[in-house]
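These notes concern the structure reproduced below.
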Amino acid sequence: MALRGVWLISYEQGACGTVLFSRRYPTVEKRAKAFNGASYVTVPEDGVFLKALLFELKLTDRDKNFVEYRDSCSRINKTSVYALPTGGDLWPVLAFQKSGLIYVCLPLVEQSLKPRPPLISISGISQAFALLSGLLVFINSSQKNEAEMSAKVGQLPSLLMQACPLGTPLDTDLNGLLDNIHVSTNHMQKQPVWRISTYKGKPQVNVCITEKVKSMQYDKRDVADMWQVYGTVTCKCDLEGATSNVTVSLNLPANGSPLQDILVHPCVTSLDSAILTSCSVDVMDDSAFSGPYKLPFTPPSDLFNLCYYTSQVPIPPILGFYQLKEEELQLKLTVNLKLHESVKNAFEYCEARIPFFNRGPVAHLEYKVSYGQLDVSREKSLLVWVIGQKFPKSLEISLTGTVTFGSMSKEQPVDPICSGSTAYVKLYFRIPDYTLTGCYADQHSVQVFSSGKPKISTSRELISSDYYIWNSKAPAPVVYRTLFF
């Protein structure tokens with residue numbers, strides 16, 4: 001698992017693009033030549049590489065024209081992996097854009113490139129994605145002006161020497177490395193590069209599983225509802241000794257939903273092949289691997305994300321129904337919500353927000369709620385239905401009402417999508433000590449191999465994220481399931 005090169009590119013619409021930072025690894029390049037054989041394509045100079053990348057991403061003026069091999073329907077790119085024409089197809093180049101910057105990596109493929117192997121079989125893809133994600137977090141943290149941006153770019157050479165020595169990704173938390181870059185470590189034991197400082201104090205291990213559920217519900221026959229879970233396992237290991245080892249096992253109950261698309265931190269030392277091949281693109285069946293998911297690792301000093309995963313759960317936690325009709329000078333609305341019987345009915349908070357765009361302020365409101373409390377926001381453009389910490393015994397609640405608006409003003413929110421009767425309800429909730437997949441880790445799931453007996457703490461939570469219920473009486477944007485989170 002190694003990288004042939006890393007690039008950070010600045011690009012603004014209509015400009016030529018500039019390579020802010022690049023790093024190549026000659027030792028990895030020699031390995032690429034040996035592994036790829038006749039299919040090997042050399043990494044060009046930055047100018048040639050930049051030109052080919054912008055062309056492939058359709059970011060140059062001449063790319064306004066149709067290009068057969070790139071733009072035809074036979075070649076629809078569903079990932080962030082590209083082949084760059086540089087006197088041969090340079091593949092697999094992982095690239096994505098964010099806030100005027102392009103983050104690029106070229107992972108090593110330890111086999112011939114003809115025919116191209118499946119992406120899931122290339123371990124360097126997940127390593128490259130994790131490193132670029134860490135680079136993105138580092139670049140965008142507390143960045144306010146060009147001076148700070150230049151300072152962060154200037155720190156990249158020294159940070160990558162620790163995070164990715166000789167092209168091998170070891171740590172993706174660049175902010176953590178920066179905080180400890182001047183800490184000297186004089187120890188008899190040889191310690192991993194990513195553990196650049198040692199802990200002195202009471203040993204303890206904290207593991208937190210956070211699942212975020214996204215949903216788009218339409219209540220229409222011709223449009224399927226969509227929902228998906230995205231999980232993150234976060235760890236903080238305060239352990240004495242330079243080479244402490246920890247194993248965290250993620251478990252599922254008998255009726256739990258298998259974890260898929262698992263992306264692990266570089267400090268994980270080994271993985272079961274069944275974990276690597278569990279993919280959401282595949283059709284689910286009874287043979288899907290359902291754990292336990294064992295993750296042995298030598299932990300970094302700071303808080304870090306041990307792994308990410310997705311899951312295809314059979315039901316969304318809350319089913320919704322929303323109708324909005326315009327009658328004369330007022331809107332009639334109906335909202336029904338139902339908590340699924342299998343979901344834990346104990347919220348830290350739960351509320352439904354009903355925004356009104358492209359209209360004047362709420363001038364008059366008549367309503368009836370079967371449960372909870374309804375408030376109008378200070379801006380008079382949003383209804384907030386506070387449901388509280390529990391649904392009633394029936395698990396169903398409803399809201400009906402009529403809304404009259406005043407004259408439109410510049411202060412009122414505008415949205416090009418939510419025009420006419422196109423509207424939505426957005427849910428916000430958190431359920432502590434619960435996950436939709438059933439995934440959990442307890443004290444018996446964490447093994448620590450170090451001196452002293454550490455205190456082990458585990459927790460889990462389910463949080464809503466982009467949880468929309470659209471007006472079933474009007475057109476609505478359709479969203480399809482995506483792989484990355």
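Each chain of the structure tokens is named A, B, ... in the order shown, its residues numbered from 1; ligands are numbered from 1 in display order.
Proximity to stretch 378-386 of chain A at 7 Å, evaluated using only C-alpha atoms and with sequence-adjacent residues fewer than 4 positions away removed, yields Cys350, Glu351, Ala352, Arg353, Ile354, Pro355, Phe356, Pro361, Val362, Gly372, Gln373, Leu374 and Gln412 of chain A.
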Identify, on the basis of only C-alpha atoms, every residue whose closest approach to A:Gly87 does not exceed 12 Å; exclude the query and any residue fewer than 4 positions from it along the same chain; express the result as a PyMOL selection string.
-> chain A and resi 40-44+48-49+52+83
Output N, CA and C atoms for every residue in the selection just made, as a PDB file, in the first residue's frame.
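Output below, filename result-v4.pdb:
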```pdb
ATOM      1  N   TYR A  40       3.285  -0.266 -17.712  1.00  0.00           N
ATOM      2  CA  TYR A  40       3.745   0.859 -16.901  1.00  0.00           C
ATOM      3  C   TYR A  40       3.726   2.172 -17.692  1.00  0.00           C
ATOM      4  N   VAL A  41       3.205   3.235 -17.043  1.00  0.00           N
ATOM      5  CA  VAL A  41       3.209   4.584 -17.622  1.00  0.00           C
ATOM      6  C   VAL A  41       3.882   5.509 -16.611  1.00  0.00           C
ATOM      7  N   THR A  42       4.920   6.223 -17.043  1.00  0.00           N
ATOM      8  CA  THR A  42       5.661   7.083 -16.144  1.00  0.00           C
ATOM      9  C   THR A  42       4.850   8.300 -15.725  1.00  0.00           C
ATOM     10  N   VAL A  43       5.155   8.853 -14.552  1.00  0.00           N
ATOM     11  CA  VAL A  43       4.498  10.072 -14.078  1.00  0.00           C
ATOM     12  C   VAL A  43       5.182  11.262 -14.738  1.00  0.00           C
ATOM     13  N   PRO A  44       4.448  12.087 -15.496  1.00  0.00           N
ATOM     14  CA  PRO A  44       5.073  13.198 -16.222  1.00  0.00           C
ATOM     15  C   PRO A  44       5.404  14.378 -15.299  1.00  0.00           C
ATOM     16  N   VAL A  48       2.690  18.906 -17.629  1.00  0.00           N
ATOM     17  CA  VAL A  48       1.974  17.925 -18.461  1.00  0.00           C
ATOM     18  C   VAL A  48       0.868  17.255 -17.652  1.00  0.00           C
ATOM     19  N   PHE A  49       1.177  16.925 -16.403  1.00  0.00           N
ATOM     20  CA  PHE A  49       0.191  16.271 -15.534  1.00  0.00           C
ATOM     21  C   PHE A  49      -1.020  17.184 -15.309  1.00  0.00           C
ATOM     22  N   ALA A  52      -3.244  17.455 -18.486  1.00  0.00           N
ATOM     23  CA  ALA A  52      -4.038  16.250 -18.709  1.00  0.00           C
ATOM     24  C   ALA A  52      -5.165  16.126 -17.687  1.00  0.00           C
ATOM     25  N   ALA A  83      -8.303   8.194 -15.647  1.00  0.00           N
ATOM     26  CA  ALA A  83      -7.138   7.815 -16.449  1.00  0.00           C
ATOM     27  C   ALA A  83      -6.716   9.046 -17.240  1.00  0.00           C
TER      28      ALA A  83
END
```
Which polymer residues have any atom within 6 Å of an atom of stretch 287-300 of chain A, counting only C-alpha atoms, with same-chain residues fewer than 6 positions away left out, as a PyMOL selection string?
-> chain A and resi 194-195+245-251+258+267-269
Distance of atom CA of A:Ala476 from atom CA of A:Tyr424, expressed in Å to one decimal place = 8.8 Å
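In terms of minimum interatomic distance to A:Val313, A:Lys214 ranks closest within A:Lys236, A:Lys214, A:Lys200, A:Lys393, counting only C-alpha atoms.
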Quick one, how far is atom CA of A:Tyr467 from atom CA of A:Thr402?
-> 23.7 Å
Point-to-point distance in Å for atom CA of A:Cys237 and atom CA of A:Gln447 =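 Separation of atom CA of A:Gln447 and atom CA of A:Cys237: 11.8 Å.
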Find the residues around stretch 20-31 of chain A up to 8 Å (only C-alpha atoms counted), leave out those fewer than 3 positions away in its own chain, and share them as an MDAnalysis selection string.
-> chainID A and resid 2:10 34:35 46 108 153 156 166:167
Deliver the residues from the most recent selection as a file, using C-alpha atoms, as a PDB file, in the first residue's frame.
```
ATOM      1  CA  ALA A   2       1.943   2.993  -1.283  1.00  0.00           C
ATOM      2  CA  LEU A   3       1.574   6.177  -3.338  1.00  0.00           C
ATOM      3  CA  ARG A   4       3.484   7.207  -6.448  1.00  0.00           C
ATOM      4  CA  GLY A   5       2.603  10.887  -6.073  1.00  0.00           C
ATOM      5  CA  VAL A   6       0.504  13.541  -4.305  1.00  0.00           C
ATOM      6  CA  TRP A   7      -0.607  16.900  -5.752  1.00  0.00           C
ATOM      7  CA  LEU A   8      -2.478  19.947  -4.482  1.00  0.00           C
ATOM      8  CA  ILE A   9      -3.754  22.139  -7.314  1.00  0.00           C
ATOM      9  CA  SER A  10      -5.387  25.556  -7.244  1.00  0.00           C
ATOM     10  CA  ALA A  34       8.438  -3.731 -11.748  1.00  0.00           C
ATOM     11  CA  PHE A  35       4.804  -4.544 -10.891  1.00  0.00           C
ATOM     12  CA  ASP A  46       3.797  18.846 -13.277  1.00  0.00           C
ATOM     13  CA  LEU A 108       0.602   2.090  -6.533  1.00  0.00           C
ATOM     14  CA  VAL A 153       1.031  24.704   1.904  1.00  0.00           C
ATOM     15  CA  LEU A 156       3.065  20.144   3.781  1.00  0.00           C
ATOM     16  CA  LEU A 166       8.700   7.012   1.433  1.00  0.00           C
ATOM     17  CA  GLY A 167       5.204   7.023  -0.089  1.00  0.00           C
TER      18      GLY A 167
END
```
Nearest to A:Gln323, restricted to only C-alpha atoms and choosing among A:Leu59, A:Leu276, A:Val425, A:Ile387, comes out as A:Val425
Identify, on the basis of only C-alpha atoms, every residue whose closest approach to A:Gln443 does not exceed 10 Å; exclude the query and any residue fewer than 6 positions from it along the same chain; express the result as a ChimeraX atom specification.
-> /A:205-207,248,455-458
Every residue of stretch 305-412 of chain A that DSSP places in strand (DSSP E or B), as a PyMOL selection string = chain A and resi 305-311+318-327+330-339+349-355+362-369+373-376+382-386+396-405
Which residues come within 10 Å of A:Gln97, counting only C-alpha atoms, excluding same-chain residues fewer than 6 positions away, as number ranges by chain?
-> A: 9-11, 57, 80, 103-104, 136
Among A:Lys338, A:Ser377, A:Asp415, A:Val446, A:Ser394 is approached most closely, using only C-alpha atoms, by A:Lys338
Could you pull out the residues in stretch 171-364 of chain A that DSSP calls alpha helix (DSSP H) from the backbone, as JSON, numbers by chain?
-> {"A": [174, 175, 176, 177, 178, 179, 273, 274, 275, 276]}
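In terms of minimum interatomic distance to A:Leu239, A:Asp302 ranks closest within A:Asp302, A:Asp433, A:Glu327, A:Glu56, counting only C-alpha atoms.
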